Each structure stands twice: as C-alpha cells, then as structure tokens.
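J.: Just one file: start28.tsv, with TSV, N, CA and C atoms.
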chain	number	residue	atom	x	y	z
A	151	MET	N	-29.97	26.01	-10.93
A	151	MET	CA	-31.35	25.89	-11.37
A	151	MET	C	-31.64	26.87	-12.50
A	152	GLN	N	-32.57	26.52	-13.30
A	152	GLN	CA	-32.92	27.29	-14.48
A	152	GLN	C	-33.76	28.51	-14.09
A	153	ARG	N	-33.42	29.70	-14.59
A	153	ARG	CA	-34.13	30.93	-14.25
A	153	ARG	C	-34.95	31.47	-15.42
A	154	ALA	N	-34.72	30.99	-16.62
A	154	ALA	CA	-35.38	31.54	-17.80
A	154	ALA	C	-36.90	31.48	-17.74
A	155	PRO	N	-37.54	30.42	-17.19
A	155	PRO	CA	-39.01	30.40	-17.19
A	155	PRO	C	-39.63	31.56	-16.43
A	156	VAL	N	-39.08	31.92	-15.27
A	156	VAL	CA	-39.65	33.01	-14.50
A	156	VAL	C	-39.47	34.33	-15.24
A	157	LEU	N	-38.32	34.51	-15.85
A	157	LEU	CA	-38.08	35.71	-16.63
A	157	LEU	C	-39.05	35.76	-17.80
A	158	ALA	N	-39.27	34.63	-18.44
A	158	ALA	CA	-40.21	34.57	-19.56
A	158	ALA	C	-41.61	34.91	-19.11
A	159	VAL	N	-42.02	34.44	-17.94
A	159	VAL	CA	-43.34	34.76	-17.39
A	159	VAL	C	-43.47	36.26	-17.22
A	160	PHE	N	-42.47	36.88	-16.62
A	160	PHE	CA	-42.51	38.31	-16.37
A	160	PHE	C	-42.58	39.10	-17.67
A	161	ILE	N	-41.73	38.73	-18.62
A	161	ILE	CA	-41.70	39.46	-19.89
A	161	ILE	C	-42.99	39.25	-20.66
A	162	LEU	N	-43.53	38.03	-20.68
A	162	LEU	CA	-44.77	37.77	-21.39
A	162	LEU	C	-45.92	38.60	-20.82
A	163	ILE	N	-46.03	38.65	-19.51
A	163	ILE	CA	-47.08	39.47	-18.90
A	163	ILE	C	-46.80	40.94	-19.17
A	164	TRP	N	-45.55	41.36	-19.08
A	164	TRP	CA	-45.18	42.75	-19.34
A	164	TRP	C	-45.64	43.19	-20.72
A	165	VAL	N	-45.33	42.37	-21.72
A	165	VAL	CA	-45.69	42.70	-23.09
A	165	VAL	C	-47.20	42.64	-23.27
A	166	ALA	N	-47.85	41.61	-22.76
A	166	ALA	CA	-49.30	41.46	-22.92
A	166	ALA	C	-50.07	42.57	-22.24
A	167	CYS	N	-49.51	43.10	-21.16
A	167	CYS	CA	-50.19	44.15	-20.42
A	167	CYS	C	-49.79	45.54	-20.87
A	168	GLY	N	-49.05	45.64	-21.91
A	168	GLY	CA	-48.67	46.95	-22.44
A	168	GLY	C	-47.36	47.48	-21.92
A	169	GLY	N	-46.71	46.77	-21.03
A	169	GLY	CA	-45.38	47.13	-20.57
A	169	GLY	C	-45.30	48.43	-19.79
A	170	HIS	N	-46.41	48.98	-19.36
A	170	HIS	CA	-46.40	50.24	-18.61
A	170	HIS	C	-45.54	51.27	-19.32
A	171	GLU	N	-45.66	51.34	-20.62
A	171	GLU	CA	-44.81	52.18	-21.45
A	171	GLU	C	-44.89	53.67	-21.11
A	172	ASP	N	-46.03	54.12	-20.64
A	172	ASP	CA	-46.18	55.53	-20.33
A	172	ASP	C	-45.20	55.99	-19.26
A	173	HIS	N	-44.80	55.07	-18.38
A	173	HIS	CA	-43.91	55.45	-17.30
A	173	HIS	C	-42.45	55.49	-17.74
A	174	HIS	N	-42.16	54.86	-18.88
A	174	HIS	CA	-40.77	54.73	-19.29
A	174	HIS	C	-40.45	55.46	-20.59
A	175	ARG	N	-41.39	56.08	-21.18
A	175	ARG	CA	-41.18	56.68	-22.49
A	175	ARG	C	-41.29	58.20	-22.41
A	176	GLY	N	-40.29	58.84	-22.93
A	176	GLY	CA	-40.35	60.29	-23.05
A	176	GLY	C	-41.06	60.63	-24.34
A	177	ALA	N	-41.31	61.87	-24.59
A	177	ALA	CA	-42.00	62.29	-25.81
A	177	ALA	C	-41.21	61.86	-27.03
A	178	GLY	N	-41.83	61.02	-27.86
A	178	GLY	CA	-41.22	60.61	-29.11
A	178	GLY	C	-40.11	59.59	-28.99
A	179	SER	N	-39.82	59.08	-27.82
A	179	SER	CA	-38.74	58.10	-27.69
A	179	SER	C	-39.29	56.70	-27.59
A	180	ALA	N	-38.49	55.73	-27.98
A	180	ALA	CA	-38.90	54.33	-27.92
A	180	ALA	C	-38.52	53.75	-26.57
A	181	SER	N	-39.23	52.71	-26.19
A	181	SER	CA	-38.98	52.06	-24.92
A	181	SER	C	-38.93	50.55	-25.11
A	182	THR	N	-37.96	49.92	-24.49
A	182	THR	CA	-37.88	48.46	-24.49
A	182	THR	C	-37.93	47.99	-23.06
A	183	PRO	N	-38.97	47.20	-22.69
A	183	PRO	CA	-39.04	46.72	-21.32
A	183	PRO	C	-37.88	45.79	-21.00
A	184	ILE	N	-37.32	45.97	-19.83
A	184	ILE	CA	-36.23	45.12	-19.37
A	184	ILE	C	-36.62	44.59	-18.00
A	185	ALA	N	-36.47	43.28	-17.82
A	185	ALA	CA	-36.78	42.66	-16.54
A	185	ALA	C	-35.53	42.01	-15.99
A	186	VAL	N	-35.29	42.19	-14.72
A	186	VAL	CA	-34.18	41.55	-14.05
A	186	VAL	C	-34.77	40.73	-12.92
A	187	VAL	N	-34.51	39.44	-12.95
A	187	VAL	CA	-35.00	38.56	-11.91
A	187	VAL	C	-33.80	38.06	-11.14
A	188	THR	N	-33.78	38.33	-9.86
A	188	THR	CA	-32.70	37.83	-9.03
A	188	THR	C	-33.29	37.10	-7.85
A	189	ASP	N	-32.57	36.16	-7.34
A	189	ASP	CA	-33.02	35.42	-6.17
A	189	ASP	C	-31.79	34.91	-5.44
A	190	ALA	N	-31.41	35.61	-4.39
A	190	ALA	CA	-30.22	35.25	-3.64
A	190	ALA	C	-30.40	33.93	-2.90
A	191	ALA	N	-31.64	33.48	-2.70
A	191	ALA	CA	-31.89	32.26	-1.95
A	191	ALA	C	-31.58	31.00	-2.75
A	192	ILE	N	-31.52	31.10	-4.08
A	192	ILE	CA	-31.24	29.92	-4.90
A	192	ILE	C	-29.89	29.35	-4.49
A	193	GLY	N	-29.87	28.07	-4.20
A	193	GLY	CA	-28.64	27.40	-3.84
A	193	GLY	C	-28.23	27.58	-2.38
A	194	SER	N	-29.00	28.28	-1.61
A	194	SER	CA	-28.67	28.50	-0.22
A	194	SER	C	-28.99	27.26	0.62
A	195	ALA	N	-28.05	26.81	1.40
A	195	ALA	CA	-28.24	25.63	2.25
A	195	ALA	C	-29.20	25.93	3.40
A	196	GLU	N	-29.35	27.18	3.77
A	196	GLU	CA	-30.20	27.54	4.90
A	196	GLU	C	-31.66	27.74	4.51
A	197	LEU	N	-31.97	27.61	3.25
A	197	LEU	CA	-33.31	27.86	2.75
A	197	LEU	C	-34.31	26.89	3.36
A	198	SER	N	-35.37	27.41	3.94
A	198	SER	CA	-36.43	26.59	4.52
A	198	SER	C	-37.62	26.62	3.57
A	199	VAL	N	-37.97	25.46	3.03
A	199	VAL	CA	-39.04	25.37	2.06
A	199	VAL	C	-40.12	24.46	2.61
A	200	LYS	N	-41.36	24.94	2.66
A	200	LYS	CA	-42.49	24.12	3.11
A	200	LYS	C	-42.91	23.22	1.96
A	201	LEU	N	-43.02	21.92	2.26
A	201	LEU	CA	-43.39	20.96	1.24
A	201	LEU	C	-44.83	20.49	1.43
A	202	GLY	N	-45.48	20.21	0.30
A	202	GLY	CA	-46.83	19.66	0.33
A	202	GLY	C	-46.78	18.15	0.46
A	203	SER	N	-47.93	17.51	0.49
A	203	SER	CA	-48.01	16.05	0.64
A	203	SER	C	-47.38	15.32	-0.54
A	204	ASP	N	-47.25	15.99	-1.68
A	204	ASP	CA	-46.62	15.38	-2.86
A	204	ASP	C	-45.10	15.52	-2.85
A	205	GLY	N	-44.56	16.15	-1.79
A	205	GLY	CA	-43.12	16.34	-1.69
A	205	GLY	C	-42.61	17.57	-2.41
A	206	LEU	N	-43.48	18.25	-3.13
A	206	LEU	CA	-43.09	19.47	-3.84
A	206	LEU	C	-43.33	20.68	-2.96
A	207	PRO	N	-42.57	21.74	-3.16
A	207	PRO	CA	-42.79	22.97	-2.40
A	207	PRO	C	-44.22	23.49	-2.57
A	208	ILE	N	-44.79	24.01	-1.51
A	208	ILE	CA	-46.13	24.58	-1.55
A	208	ILE	C	-46.19	25.71	-2.56
A	209	SER	N	-45.09	26.43	-2.72
A	209	SER	CA	-45.07	27.54	-3.68
A	209	SER	C	-45.31	27.07	-5.11
A	210	CYS	N	-45.01	25.80	-5.42
A	210	CYS	CA	-45.29	25.29	-6.77
A	210	CYS	C	-46.80	25.18	-6.98
A	211	GLY	N	-47.52	24.79	-5.93
A	211	GLY	CA	-48.98	24.78	-6.00
A	211	GLY	C	-49.55	26.19	-6.09
A	212	GLU	N	-48.88	27.14	-5.45
A	212	GLU	CA	-49.31	28.54	-5.53
A	212	GLU	C	-49.11	29.08	-6.94
A	213	TRP	N	-48.04	28.67	-7.60
A	213	TRP	CA	-47.80	29.08	-8.99
A	213	TRP	C	-48.91	28.53	-9.87
A	214	ARG	N	-49.25	27.26	-9.67
A	214	ARG	CA	-50.33	26.63	-10.44
A	214	ARG	C	-51.65	27.37	-10.18
A	215	ALA	N	-51.93	27.71	-8.92
A	215	ALA	CA	-53.16	28.42	-8.57
A	215	ALA	C	-53.19	29.81	-9.21
A	216	ALA	N	-52.04	30.49	-9.26
A	216	ALA	CA	-51.97	31.81	-9.90
A	216	ALA	C	-52.28	31.70	-11.39
A	217	LEU	N	-51.78	30.65	-12.02
A	217	LEU	CA	-52.08	30.43	-13.44
A	217	LEU	C	-53.56	30.11	-13.65
A	218	ASP	N	-54.14	29.33	-12.75
A	218	ASP	CA	-55.57	29.04	-12.84
A	218	ASP	C	-56.39	30.32	-12.70
A	219	LYS	N	-56.00	31.15	-11.74
A	219	LYS	CA	-56.69	32.43	-11.54
A	219	LYS	C	-56.54	33.31	-12.78
A	220	LEU	N	-55.38	33.27	-13.40
A	220	LEU	CA	-55.12	34.08	-14.59
A	220	LEU	C	-56.09	33.73	-15.73
A	221	GLN	N	-56.58	32.51	-15.75
A	221	GLN	CA	-57.52	32.10	-16.79
A	221	GLN	C	-58.83	32.87	-16.72
A	222	THR	N	-59.14	33.46	-15.57
A	222	THR	CA	-60.36	34.24	-15.42
A	222	THR	C	-60.18	35.69	-15.87
A	223	CYS	N	-58.96	36.07	-16.19
A	223	CYS	CA	-58.66	37.45	-16.58
A	223	CYS	C	-58.84	37.62	-18.09
A	224	ARG	N	-59.95	38.16	-18.48
A	224	ARG	CA	-60.23	38.35	-19.91
A	224	ARG	C	-59.50	39.56	-20.49
A	225	ALA	N	-58.92	40.39	-19.62
A	225	ALA	CA	-58.15	41.55	-20.10
A	225	ALA	C	-56.79	41.11	-20.65
A	226	LEU	N	-56.34	39.94	-20.26
A	226	LEU	CA	-55.09	39.39	-20.78
A	226	LEU	C	-55.43	38.49	-21.97
A	227	PRO	N	-54.80	38.70	-23.11
A	227	PRO	CA	-55.14	37.93	-24.31
A	227	PRO	C	-55.04	36.42	-24.09
A	228	GLU	N	-55.93	35.69	-24.72
A	228	GLU	CA	-55.98	34.23	-24.60
A	228	GLU	C	-54.64	33.59	-24.96
A	229	ASN	N	-53.98	34.08	-26.01
A	229	ASN	CA	-52.70	33.48	-26.40
A	229	ASN	C	-51.63	33.67	-25.33
A	230	ALA	N	-51.66	34.76	-24.60
A	230	ALA	CA	-50.71	34.98	-23.52
A	230	ALA	C	-51.00	34.02	-22.37
A	231	ARG	N	-52.28	33.86	-22.03
A	231	ARG	CA	-52.65	32.92	-20.96
A	231	ARG	C	-52.28	31.49	-21.34
A	232	ALA	N	-52.53	31.13	-22.59
A	232	ALA	CA	-52.20	29.78	-23.06
A	232	ALA	C	-50.69	29.54	-23.05
A	233	SER	N	-49.92	30.54	-23.43
A	233	SER	CA	-48.46	30.40	-23.43
A	233	SER	C	-47.93	30.18	-22.01
A	234	LEU	N	-48.47	30.92	-21.05
A	234	LEU	CA	-48.05	30.75	-19.67
A	234	LEU	C	-48.42	29.36	-19.15
A	235	GLN	N	-49.61	28.89	-19.50
A	235	GLN	CA	-50.04	27.54	-19.09
A	235	GLN	C	-49.11	26.49	-19.69
A	236	ALA	N	-48.80	26.62	-20.97
A	236	ALA	CA	-47.94	25.65	-21.66
A	236	ALA	C	-46.54	25.64	-21.07
A	237	MET	N	-46.02	26.82	-20.75
A	237	MET	CA	-44.70	26.91	-20.16
A	237	MET	C	-44.65	26.20	-18.82
A	238	TYR	N	-45.66	26.43	-17.99
A	238	TYR	CA	-45.72	25.78	-16.68
A	238	TYR	C	-45.82	24.26	-16.85
A	239	ALA	N	-46.68	23.82	-17.75
A	239	ALA	CA	-46.86	22.37	-17.98
A	239	ALA	C	-45.53	21.74	-18.40
A	240	ASP	N	-44.81	22.42	-19.27
A	240	ASP	CA	-43.53	21.91	-19.73
A	240	ASP	C	-42.51	21.85	-18.60
A	241	GLU	N	-42.46	22.90	-17.80
A	241	GLU	CA	-41.49	22.97	-16.70
A	241	GLU	C	-41.81	21.97	-15.60
A	242	SER	N	-43.07	21.73	-15.33
A	242	SER	CA	-43.46	20.93	-14.17
A	242	SER	C	-43.67	19.44	-14.47
A	243	LYS	N	-43.62	19.04	-15.71
A	243	LYS	CA	-43.99	17.66	-16.07
A	243	LYS	C	-43.15	16.59	-15.39
A	244	ASN	N	-41.93	16.86	-15.04
A	244	ASN	CA	-41.07	15.84	-14.42
A	244	ASN	C	-40.74	16.12	-12.95
A	245	TRP	N	-41.39	17.11	-12.36
A	245	TRP	CA	-41.07	17.46	-10.98
A	245	TRP	C	-41.27	16.29	-10.02
A	246	SER	N	-42.31	15.51	-10.21
A	246	SER	CA	-42.60	14.41	-9.28
A	246	SER	C	-41.49	13.35	-9.29
A	247	GLN	N	-40.70	13.29	-10.33
A	247	GLN	CA	-39.64	12.29	-10.45
A	247	GLN	C	-38.30	12.77	-9.87
A	248	LEU	N	-38.24	14.00	-9.46
A	248	LEU	CA	-36.99	14.55	-8.92
A	248	LEU	C	-36.71	13.98	-7.53
A	249	PRO	N	-35.42	13.86	-7.17
A	249	PRO	CA	-35.07	13.48	-5.80
A	249	PRO	C	-35.53	14.58	-4.83
A	250	ALA	N	-35.70	14.21	-3.58
A	250	ALA	CA	-36.23	15.14	-2.56
A	250	ALA	C	-35.43	16.43	-2.48
A	251	ASP	N	-34.09	16.37	-2.51
A	251	ASP	CA	-33.29	17.59	-2.39
A	251	ASP	C	-33.48	18.51	-3.60
A	252	ALA	N	-33.70	17.94	-4.77
A	252	ALA	CA	-33.95	18.75	-5.97
A	252	ALA	C	-35.33	19.40	-5.90
A	253	LYS	N	-36.30	18.68	-5.35
A	253	LYS	CA	-37.65	19.24	-5.19
A	253	LYS	C	-37.61	20.46	-4.28
A	254	THR	N	-36.85	20.37	-3.21
A	254	THR	CA	-36.73	21.49	-2.28
A	254	THR	C	-36.19	22.73	-2.97
A	255	LYS	N	-35.26	22.55	-3.89
A	255	LYS	CA	-34.66	23.68	-4.60
A	255	LYS	C	-35.64	24.36	-5.56
A	256	LEU	N	-36.76	23.72	-5.85
A	256	LEU	CA	-37.78	24.33	-6.70
A	256	LEU	C	-38.53	25.45	-5.98
A	257	GLY	N	-38.50	25.46	-4.66
A	257	GLY	CA	-39.27	26.42	-3.87
A	257	GLY	C	-39.13	27.87	-4.31
A	258	PRO	N	-37.92	28.42	-4.35
A	258	PRO	CA	-37.76	29.81	-4.76
A	258	PRO	C	-38.15	30.06	-6.22
A	259	ILE	N	-37.92	29.08	-7.07
A	259	ILE	CA	-38.28	29.22	-8.48
A	259	ILE	C	-39.79	29.30	-8.62
A	260	CYS	N	-40.49	28.39	-7.93
A	260	CYS	CA	-41.96	28.40	-7.98
A	260	CYS	C	-42.53	29.68	-7.36
A	261	GLN	N	-41.93	30.13	-6.27
A	261	GLN	CA	-42.40	31.36	-5.64
A	261	GLN	C	-42.23	32.54	-6.58
A	262	SER	N	-41.10	32.59	-7.28
A	262	SER	CA	-40.88	33.67	-8.24
A	262	SER	C	-41.90	33.60	-9.37
A	263	GLY	N	-42.23	32.39	-9.81
A	263	GLY	CA	-43.23	32.22	-10.86
A	263	GLY	C	-44.59	32.72	-10.42
A	264	ALA	N	-45.01	32.33	-9.21
A	264	ALA	CA	-46.30	32.77	-8.68
A	264	ALA	C	-46.32	34.29	-8.50
A	265	ASP	N	-45.25	34.83	-7.94
A	265	ASP	CA	-45.17	36.28	-7.73
A	265	ASP	C	-45.21	37.03	-9.05
A	266	SER	N	-44.53	36.52	-10.06
A	266	SER	CA	-44.52	37.17	-11.37
A	266	SER	C	-45.91	37.22	-11.97
A	267	ILE	N	-46.64	36.12	-11.87
A	267	ILE	CA	-48.00	36.07	-12.39
A	267	ILE	C	-48.88	37.09	-11.67
A	268	LEU	N	-48.86	37.04	-10.35
A	268	LEU	CA	-49.75	37.90	-9.56
A	268	LEU	C	-49.39	39.38	-9.69
A	269	LYS	N	-48.12	39.71	-9.66
A	269	LYS	CA	-47.71	41.11	-9.80
A	269	LYS	C	-47.91	41.61	-11.23
A	270	GLY	N	-47.58	40.79	-12.18
A	270	GLY	CA	-47.72	41.20	-13.58
A	270	GLY	C	-49.15	41.43	-14.02
A	271	ALA	N	-50.07	40.66	-13.43
A	271	ALA	CA	-51.47	40.76	-13.85
A	271	ALA	C	-52.29	41.65	-12.91
A	272	LYS	N	-51.69	42.14	-11.87
A	272	LYS	CA	-52.44	42.93	-10.87
A	272	LYS	C	-53.20	44.10	-11.48
A	273	ALA	N	-52.53	44.94	-12.22
A	273	ALA	CA	-53.18	46.12	-12.79
A	273	ALA	C	-54.14	45.74	-13.92
A	274	THR	N	-53.74	44.83	-14.78
A	274	THR	CA	-54.55	44.46	-15.91
A	274	THR	C	-55.82	43.73	-15.49
A	275	CYS	N	-55.69	42.82	-14.56
A	275	CYS	CA	-56.82	41.97	-14.17
A	275	CYS	C	-57.59	42.52	-12.98
A	276	GLY	N	-57.06	43.52	-12.33
A	276	GLY	CA	-57.75	44.13	-11.18
A	276	GLY	C	-57.66	43.31	-9.91
A	277	TRP	N	-56.61	42.50	-9.76
A	277	TRP	CA	-56.46	41.69	-8.54
A	277	TRP	C	-55.82	42.49	-7.46
Rewrite the structure of this file - the entire thing - as structure tokens.

T.:
Amino acid sequence: MQRAPVLAVFILIWVACGGHEDHHRGAGSASTPIAVVTDAAIGSAELSVKLGSDGLPISCGEWRAALDKLQTCRALPENARASLQAMYADESKNWSQLPADAKTKLGPICQSGADSILKGAKATCGW
C-alpha cells in the first residue's frame, strides 16, 4: 500500500504550523523537519478493521471528519487546508470500486491520515 499521502499530510502540517523549530534548533543552526511514518500493521493478516455500511474502514470516515474539522482552524493557512483536502479527494476517489479485501487494507492508512491531521493541528488549532 502507498504510504506517501500520510507522510505528505504530516509534513504539510509540520511546515504550515512552523515545524516546532524552537525545539530542534540550536543557536544559529538550521533545522530541517524530518518525519518518519511507520505502521507494522500494514499487510498483517491478523489486522481487524471495523467497516462502515459503505464497506470502507471507519477510520477512512474519521480521516474525512478530521479534514472537515481542520477547515474550522483559521490558524492553519487556507492553502495548506486546501492542499490536504485535495490530497484526500485524490486518494479516496476510487475507494468505493476496490474489492473488499483491498478496502480492509485501507484501515491503517486512513487511521494514520486521521491521526496525522489531529496530532499535527493540535497545538496550532487548539484541539
């Protein structure tokens, strides 16, 4: 499964929110934010994913809800919010056409997306 969208979400929020540079920068030194996204559950046969009535993992709806909530955060620039919305729309446009086993594998990816949005915007948006 593709991992780049979740990483992109994290990095986009990181950059838009200032990257918490004060915690990583010494006096006069430059800092480059680095994000590592790992998920040992991807590809696991034992993974239990709760599905909604549409056959998609509930976590995909949670990712969508996190993006909707993000639209209320005026501390995050409009272009960053729009980019995250566009990325989700692009990633999710064909989910309903996937076979059932492929839909199940979306669970951890969607959960990571939702978690990235909520954690990344927590300090900036006050959630």

J.: Padding 4 Å on every side, please: axis-aligned box over the listed atoms of range 202-215 of chain A, centre and edge lengths to one decimal in Å, as lines of an AutoDock Vina configuration file.

T.:
center_x = -47.9
center_y = 22.6
center_z = -4.9
size_x = 18.6
size_y = 22.5
size_z = 19.1

J.: Please, what distance in Å, to one decimal, runs between CA of Leu256 in chain A and CA of Pro207 in chain A?

T.: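 Answer for the CA of Leu256 in chain A to CA of Pro207 in chain A separation: 6.7 Å.
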
J.: Env of Ser209 in chain A: 6 Å cut, atoms = only N, CA and C atoms, seq-sep filter 6 positions within chain, self excluded. Answer as a list of chain:residue names.

T.: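 Residues near the query, excluding close chain neighbours: A:Gly257, A:Cys260, A:Gln261.
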
J.: Which residue, A:Leu226, A:Leu248, A:Leu234, A:Cys275, has the smallest gap to Trp213 in chain A when you use only C-alpha atoms?

T.: A:Leu234

J.: Excluding same-chain residues fewer than 3 positions from Cys223 in chain A, what lies within 8 Å of it counting only N, CA and C atoms, as a VMD selection string?

T.: chain A and resid 218 to 220 226 to 228 274 to 276

J.: For Pro249 in chain A, which residue among A:Ala215, A:Leu206, A:Ala271, A:Ala232 is the nearest when counting only C-alpha atoms?

T.: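 Looking at the shortest contact to Pro249 in chain A, the residue is A:Leu206.
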